[in-house]
Every structure is written in C-alpha cells, then in structure tokens.
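Shown here: data.csv, CSV, C-alpha atoms.
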```
chain,number,residue,atom,x,y,z
A,1,MET,CA,-106.6,-11.0,-51.5
A,2,LYS,CA,-104.5,-12.9,-48.9
A,3,LEU,CA,-102.6,-14.5,-51.7
A,4,LEU,CA,-101.7,-11.1,-53.2
A,5,GLY,CA,-100.4,-9.9,-49.8
A,6,CYS,CA,-98.1,-12.9,-49.4
A,7,LEU,CA,-96.7,-12.4,-52.9
A,8,LEU,CA,-95.9,-8.8,-52.1
A,9,VAL,CA,-94.1,-9.8,-48.9
A,10,LEU,CA,-92.0,-12.4,-50.7
A,11,LEU,CA,-91.2,-10.0,-53.5
A,12,ASN,CA,-89.9,-7.3,-51.1
A,13,ALA,CA,-87.8,-9.9,-49.2
A,14,GLY,CA,-86.2,-11.0,-52.5
A,15,LEU,CA,-85.4,-7.5,-53.5
A,16,LEU,CA,-83.9,-6.8,-50.1
A,17,VAL,CA,-81.6,-9.8,-50.3
A,18,TYR,CA,-80.6,-9.0,-53.9
A,19,PHE,CA,-79.6,-5.4,-53.2
A,20,ASN,CA,-77.6,-6.4,-50.0
A,21,MET,CA,-75.8,-9.4,-51.5
A,22,ASP,CA,-72.3,-7.8,-50.9
A,23,VAL,CA,-73.1,-7.4,-47.2
A,24,LEU,CA,-74.8,-10.7,-46.5
A,25,LEU,CA,-72.2,-12.9,-48.3
A,26,PRO,CA,-68.5,-12.9,-47.4
A,27,LYS,CA,-66.0,-11.5,-49.9
A,28,PRO,CA,-63.7,-14.1,-51.6
A,29,VAL,CA,-60.2,-14.1,-50.2
A,30,ALA,CA,-57.6,-13.0,-52.7
A,31,ALA,CA,-55.0,-15.7,-53.3
A,32,ASP,CA,-51.5,-15.1,-51.9
A,33,ARG,CA,-49.3,-14.8,-55.0
A,34,SER,CA,-46.2,-14.8,-52.9
A,35,ILE,CA,-46.4,-18.6,-52.6
A,36,LEU,CA,-46.5,-20.3,-56.0
A,37,PRO,CA,-47.6,-23.9,-55.6
A,38,GLU,CA,-46.1,-24.9,-59.0
A,39,LYS,CA,-42.6,-23.9,-57.8
A,40,LEU,CA,-42.8,-25.8,-54.5
A,41,LYS,CA,-40.3,-28.7,-54.3
A,42,ILE,CA,-39.8,-31.5,-51.8
A,43,LEU,CA,-36.1,-31.7,-50.9
A,44,SER,CA,-34.3,-34.9,-50.3
A,45,GLU,CA,-32.3,-35.7,-47.2
A,46,ASN,CA,-29.0,-35.0,-49.0
A,47,GLU,CA,-30.3,-31.6,-50.3
A,48,LEU,CA,-31.3,-30.6,-46.8
A,49,VAL,CA,-27.9,-31.5,-45.4
A,50,ALA,CA,-26.2,-29.5,-48.2
A,51,MET,CA,-28.3,-26.3,-47.6
A,52,PRO,CA,-26.3,-23.4,-45.9
A,53,LYS,CA,-27.0,-23.1,-42.2
A,54,LYS,CA,-27.2,-19.9,-40.2
A,55,ALA,CA,-24.5,-19.8,-37.6
A,56,LEU,CA,-25.7,-19.5,-34.1
A,57,PRO,CA,-23.9,-17.2,-31.6
A,58,VAL,CA,-21.4,-19.1,-29.6
A,59,PRO,CA,-21.7,-18.3,-25.8
A,60,LYS,CA,-18.6,-16.8,-24.3
A,61,PRO,CA,-17.0,-19.1,-21.7
A,62,GLU,CA,-17.3,-18.0,-18.1
A,63,VAL,CA,-14.1,-16.7,-16.7
A,64,PRO,CA,-13.7,-17.7,-13.0
A,65,MET,CA,-12.9,-14.9,-10.7
A,66,VAL,CA,-9.7,-15.6,-8.7
A,67,LEU,CA,-9.6,-13.7,-5.4
A,68,ALA,CA,-6.0,-14.2,-4.4
A,69,VAL,CA,-4.1,-11.7,-2.2
A,70,THR,CA,-0.4,-12.4,-2.3
A,71,ASN,CA,1.2,-9.3,-0.8
A,72,CYS,CA,4.5,-9.0,1.0
A,73,TYR,CA,5.0,-7.4,4.3
A,74,LYS,CA,8.0,-6.0,6.1
A,75,TRP,CA,8.1,-6.7,9.9
A,76,GLY,CA,11.0,-4.8,11.4
A,77,ASN,CA,12.9,-3.5,14.3
A,78,PHE,CA,13.7,-6.9,15.8
A,79,THR,CA,16.6,-7.4,18.2
A,80,GLN,CA,18.5,-10.7,18.5
A,81,THR,CA,16.3,-11.6,21.5
A,82,ASN,CA,12.8,-11.2,20.0
A,83,LEU,CA,13.6,-12.3,16.4
A,84,PRO,CA,13.3,-16.0,17.1
A,85,ALA,CA,9.9,-15.7,18.7
A,86,ALA,CA,8.6,-13.7,15.7
A,87,GLN,CA,9.9,-16.3,13.3
A,88,LEU,CA,8.1,-19.0,15.3
A,89,VAL,CA,4.8,-17.1,15.0
A,90,LEU,CA,5.2,-17.0,11.2
A,91,VAL,CA,5.9,-20.7,11.1
A,92,ARG,CA,2.6,-21.3,13.0
A,93,LEU,CA,0.8,-19.1,10.5
A,94,GLY,CA,2.3,-21.1,7.6
A,95,LEU,CA,4.2,-18.0,6.2
A,96,GLN,CA,7.7,-17.9,4.7
A,97,SER,CA,10.1,-15.1,5.6
A,98,VAL,CA,13.6,-13.9,4.9
A,99,VAL,CA,15.7,-12.1,7.5
A,100,ASN,CA,17.3,-8.8,6.5
A,101,GLN,CA,19.9,-7.1,8.6
A,102,GLU,CA,19.6,-3.4,8.9
A,103,ALA,CA,22.0,-0.8,10.3
A,104,ILE,CA,20.3,2.0,12.2
A,105,VAL,CA,22.4,5.2,12.3
A,106,GLN,CA,20.3,6.9,15.0
A,107,GLU,CA,18.7,5.1,17.9
A,108,ASP,CA,14.9,5.0,17.9
A,109,ARG,CA,14.1,6.3,21.4
A,110,ARG,CA,10.6,5.3,22.6
A,111,PHE,CA,9.0,5.3,26.0
A,112,TRP,CA,7.2,2.1,26.9
A,113,VAL,CA,4.4,1.8,29.5
A,114,TYR,CA,4.0,-1.8,30.7
A,115,TYR,CA,3.4,-4.2,33.5
A,116,PRO,CA,6.6,-6.3,34.2
A,117,PRO,CA,6.8,-9.9,33.0
A,118,LEU,CA,5.0,-12.5,35.0
A,119,LYS,CA,6.4,-16.0,35.6
A,120,THR,CA,3.9,-17.9,33.5
A,121,GLU,CA,1.6,-17.3,30.6
A,122,ARG,CA,-1.4,-18.3,32.8
A,123,LEU,CA,-0.5,-15.6,35.4
A,124,ALA,CA,-0.1,-13.1,32.6
A,125,GLN,CA,-3.6,-13.9,31.2
A,126,GLU,CA,-5.1,-13.6,34.7
A,127,LYS,CA,-3.5,-10.2,35.2
A,128,ALA,CA,-4.6,-9.0,31.8
A,129,ALA,CA,-8.2,-10.1,32.6
A,130,GLU,CA,-8.0,-8.2,35.9
A,131,ILE,CA,-6.8,-5.1,34.1
A,132,LYS,CA,-9.5,-5.3,31.4
A,133,ALA,CA,-12.1,-5.5,34.2
A,134,LEU,CA,-11.1,-1.9,35.1
A,135,GLY,CA,-12.1,-0.7,31.6
A,136,LEU,CA,-8.8,-1.0,29.8
A,137,GLU,CA,-9.1,-3.0,26.6
A,138,GLU,CA,-6.0,-1.9,24.5
A,139,ILE,CA,-3.5,-4.1,26.3
A,140,PHE,CA,-1.3,-6.9,24.9
A,141,ILE,CA,0.6,-9.8,26.5
A,142,VAL,CA,4.2,-9.6,25.1
A,143,GLN,CA,5.4,-12.7,23.3
A,144,ASP,CA,9.1,-12.0,22.5
A,145,SER,CA,11.6,-13.9,24.6
A,146,GLN,CA,13.2,-10.9,26.4
A,147,TRP,CA,9.8,-9.5,27.7
A,148,ARG,CA,7.7,-12.6,27.5
A,149,ASN,CA,4.5,-12.4,29.6
A,150,ALA,CA,4.8,-8.7,30.2
A,151,ILE,CA,1.7,-6.6,29.6
A,152,SER,CA,2.1,-3.7,27.2
A,153,PHE,CA,-0.1,-0.6,27.5
A,154,GLY,CA,1.6,1.6,24.8
A,155,LEU,CA,4.8,2.8,23.2
A,156,PHE,CA,5.3,6.5,22.6
A,157,GLN,CA,8.0,8.7,21.1
A,158,ASP,CA,6.8,11.6,23.3
A,159,GLU,CA,7.7,10.9,26.9
A,160,GLN,CA,4.9,13.2,28.1
A,161,LEU,CA,2.2,11.0,26.5
A,162,ALA,CA,3.7,8.0,28.2
A,163,SER,CA,3.7,9.7,31.6
A,164,ALA,CA,0.1,10.8,31.1
A,165,LEU,CA,-0.9,7.2,30.3
A,166,LEU,CA,0.9,5.9,33.4
A,167,ARG,CA,-0.9,8.5,35.6
A,168,GLY,CA,-4.2,7.4,34.1
A,169,LEU,CA,-3.5,3.7,34.8
A,170,ARG,CA,-2.7,4.4,38.4
A,171,ALA,CA,-5.8,6.5,38.8
A,172,LYS,CA,-7.9,3.5,37.6
A,173,GLY,CA,-6.2,1.3,40.2
A,174,VAL,CA,-3.6,-0.5,38.1
A,175,LYS,CA,-0.7,-1.1,40.5
A,176,GLY,CA,2.7,-2.2,39.4
A,177,ALA,CA,2.7,-0.5,35.9
A,178,THR,CA,5.9,1.3,35.0
A,179,LYS,CA,7.5,3.4,32.3
A,180,ALA,CA,10.9,2.7,30.7
A,181,LEU,CA,13.0,4.0,27.8
A,182,ARG,CA,13.3,1.4,25.0
A,183,SER,CA,16.2,1.9,22.7
A,184,PRO,CA,16.6,-1.1,20.3
A,185,GLY,CA,20.2,-0.3,19.5
A,186,LYS,CA,22.0,0.1,16.2
A,187,SER,CA,21.9,-3.5,14.9
A,188,LEU,CA,18.4,-4.6,14.0
A,189,SER,CA,16.7,-7.2,11.8
A,190,SER,CA,13.6,-7.2,9.8
A,191,LEU,CA,11.5,-10.0,8.3
A,192,LEU,CA,10.3,-10.0,4.7
A,193,ILE,CA,7.1,-12.0,4.7
A,194,LYS,CA,6.0,-13.4,1.4
A,195,ALA,CA,2.6,-14.6,0.0
A,196,VAL,CA,0.5,-13.0,2.7
A,197,GLY,CA,-3.2,-13.6,2.2
A,198,ALA,CA,-6.1,-11.6,3.6
A,199,ASP,CA,-6.6,-13.8,6.6
A,200,THR,CA,-3.0,-14.0,7.5
A,201,ALA,CA,-2.5,-10.3,7.1
A,202,LEU,CA,-5.3,-9.7,9.7
A,203,ALA,CA,-3.6,-12.2,12.0
A,204,LEU,CA,-0.2,-10.4,11.7
A,205,HIS,CA,-1.8,-7.1,12.5
A,206,GLU,CA,-3.4,-8.6,15.6
A,207,ILE,CA,-0.1,-10.2,16.8
A,208,LYS,CA,2.2,-7.2,16.0
A,209,PRO,CA,1.5,-5.3,19.3
A,210,GLU,CA,2.7,-8.3,21.3
A,211,PHE,CA,6.2,-7.5,19.9
A,212,VAL,CA,6.9,-4.2,21.4
A,213,GLY,CA,8.7,-1.6,19.2
A,214,THR,CA,8.1,-3.5,15.9
A,215,ASP,CA,6.5,-2.1,12.8
A,216,LEU,CA,4.5,-4.0,10.1
A,217,VAL,CA,4.1,-2.4,6.7
A,218,PRO,CA,3.2,-3.6,3.2
A,219,THR,CA,6.2,-3.7,0.9
A,220,VAL,CA,7.3,-4.7,-2.7
A,221,CYS,CA,7.9,-8.4,-3.1
A,222,GLU,CA,11.5,-9.1,-4.1
```

Written as structure tokens, that's how I'd like the structure from this file.
Amino acid sequence: MKLLGCLLVLLNAGLLVYFNMDVLLPKPVAADRSILPEKLKILSENELVAMPKKALPVPKPEVPMVLAVTNCYKWGNFTQTNLPAAQLVLVRLGLQSVVNQEAIVQEDRRFWVYYPPLKTERLAQEKAAEIKALGLEEIFIVQDSQWRNAISFGLFQDEQLASALLRGLRAKGVKGATKALRSPGKSLSSLLIKAVGADTALALHEIKPEFVGTDLVPTVCE
C-alpha cells in the first residue's frame, strides 16, 4: 500500500513538470541575424589606415580681449603763463600733446573765488589742510605759474554765485579769501592730448581744477 502511494506521488510530480516545461526552462535566445559571422573579416594595418575617417570638430581659437582706451582730449583756455606748467604735467604723465593756437572773439568773463598765492607749496598745503578742517573739501591748490600755490574755491560765470560762495566762506571762518574777475584775453592756446588711457584720463580730470579757467573735453583724434 505504501509503495502504491509513492508511485502516485512521483507520477503527479512528473506530470506537473511536463505540463510546466515552458515556465521552468528558459527560452532559447534567437540569434542576431544582423551580425553574420561568415562575412566578418580581419583587416590588415594598411586597410585600417586606408579606411575613411570621420572628421572631428576643430575647436575655434580663443580670441584675446584687448581692453585699450586710446582717446584724445582737448585741454583748453591756456594763457602764455600757465601753458608751460600744463605741458610739464603731461610730460610727467607720459602723454603726448600738440599746442593749438585759438583766437577768441569775445572774452570769457568768469568770477573766481580764491585764496591768494602763498610763498611755498608747503605753506599752501598747510593752509589747504586748515581750510578742509572747517568742512570745505572742494578746494584745489593752483599749479599754473601765474597763480602757483593759490587755493581755488570755484569759478563762476554768474557773479552772484561767486559772491554767495565768498560770504559762505567767511561765515565758516575762512579769512583772506577774495573774489576777482578772470578774463583770459583774446589769444589762448589749447592742448590736443593723444593716446589717453583710462588711468591717465582720470588723472587729467583730477588735475584740471588746479589750472583755473581751463576746460578738458574728449575730442576726435587728428
């Protein structure tokens, strides 16, 4: 009886395996017919060299950025007395300039508020420091030969503005400041300054107020 039971169990197991053969066993992988072994060929070194090659993209060369500022400036309204001093400043800055004579039909009347020239540059610097201590920052020590070591407070076309500034200076305790009419005359000179870079342009604008009555403007290079 036990033997019959074992045979039935084995028979059921065999039937279960037979009817589930496609699940239990992996399916054969279909051959990839895109690769034909009979058509494969081993190439020689000469054949490899002769094969056409795909061109690789050529990188574009980097173009260096050149940041060069080469402007020209016109610095004008110089008299024969202050022109040499301005030319000396340009030489110190390493700038080239050309002198142009200009005829002024109508005199340019301006009113200048200033402290009279002191005997030495050291005294002028000490006086300027004393004035700045009173809260006045926009002052300049004049460098041109005629008014060297004077201290300039401002130049105005309107006399009333000059007078108002003078009253304000006296109210702050600045003694000795005065007002005068500046008329440069009919014969003036201007300087055409060439190859002005960014740094030297800034230096020119800082120096310009030291030459009373002059104007500094960009211009076309000739």

Subject >> Interatomic distance, atom CA of A:Ile151 to atom CA of A:Arg167 (Å, one decimal) >> reply: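 Going from atom CA of A:Ile151 over to atom CA of A:Arg167, I get 16.5 Å.
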
**OP:** For atom CA of A:Ser163 and atom CA of A:Trp147, determine how far apart the two atoms are, in Å to one decimal place.
**Re:**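 Atom CA of A:Trp147 lies at a distance of 20.5 Å from atom CA of A:Ser163.
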
**OP:** Identify which of the residues A:Val220, A:Val212, A:Ala198, A:Leu136 lies closest to A:Thr81, counting all atoms listed in the file when measuring atom-to-atom distances.
**Re:**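 Smallest separation from A:Thr81 among the options: A:Val212.
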
Original post:
What is the atom CA of A:Arg92 to atom CA of A:Gln146 distance in Å?
Top reply: 20.0 Å

**OP:** Kindly indicate which residue among A:Lys119, A:His205, A:Arg148, A:Lys127 lies nearest to A:Asn82, using only C-alpha atoms for the distances.
**Re:**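 Looking only at the distances to A:Asn82, the closest residue turns out to be A:Arg148.
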
Original post:
Pick from A:Pro116, A:Gly76, A:Gly168, A:Pro218: nearest to A:Leu191, with all atoms listed in the file counted?
Top reply: A:Gly76

**OP:** Can you pull out every residue within 8 Å of A:Thr178, counting all atoms listed in the file, but drop anything in the same chain fewer than 2 positions away, and send it as a PyMOL selection string?
**Re:** chain A and resi 113-116+166+176+180

Subject >> Among the residues A:Cys221, A:Ile141, A:Leu161, A:Leu123, the one that comes closest to A:Lys208 [using all atoms listed in the file] >> reply: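 Of A:Cys221, A:Ile141, A:Leu161, A:Leu123, the one nearest A:Lys208, counting all atoms listed in the file, is A:Ile141.
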
Original post:
Of the residues A:Ala203, A:Leu134, A:Pro209, A:Val196, which is the one nearest to A:Gly154, using all atoms listed in the file?
Top reply: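 Between A:Ala203, A:Leu134, A:Pro209, A:Val196, the residue approaching A:Gly154 most closely is A:Pro209.
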
**OP:** Rank A:Ala195, A:Ala86, A:Leu181, A:Leu95 by their smallest atom-to-atom distance to A:Thr219, using only C-alpha atoms, and report the top residue only.
**Re:**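 Ranking A:Ala195, A:Ala86, A:Leu181, A:Leu95 by distance to A:Thr219, first place goes to A:Ala195.
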
**OP:** Please determine the residues with any atom at most 6 Å from (1.6, -13.2, 16.1) (coordinates as given in the file, with all atoms listed in the file counting) and report them as a PyMOL selection string.
**Re:** chain A and resi 89+204+207

Subject >> 8 Å contact set for A:Lys194, all atoms listed in the file, chain neighbours under 2 positions out, as a ChimeraX atom specification >> reply: /A:70-73,95-97,192,196,221
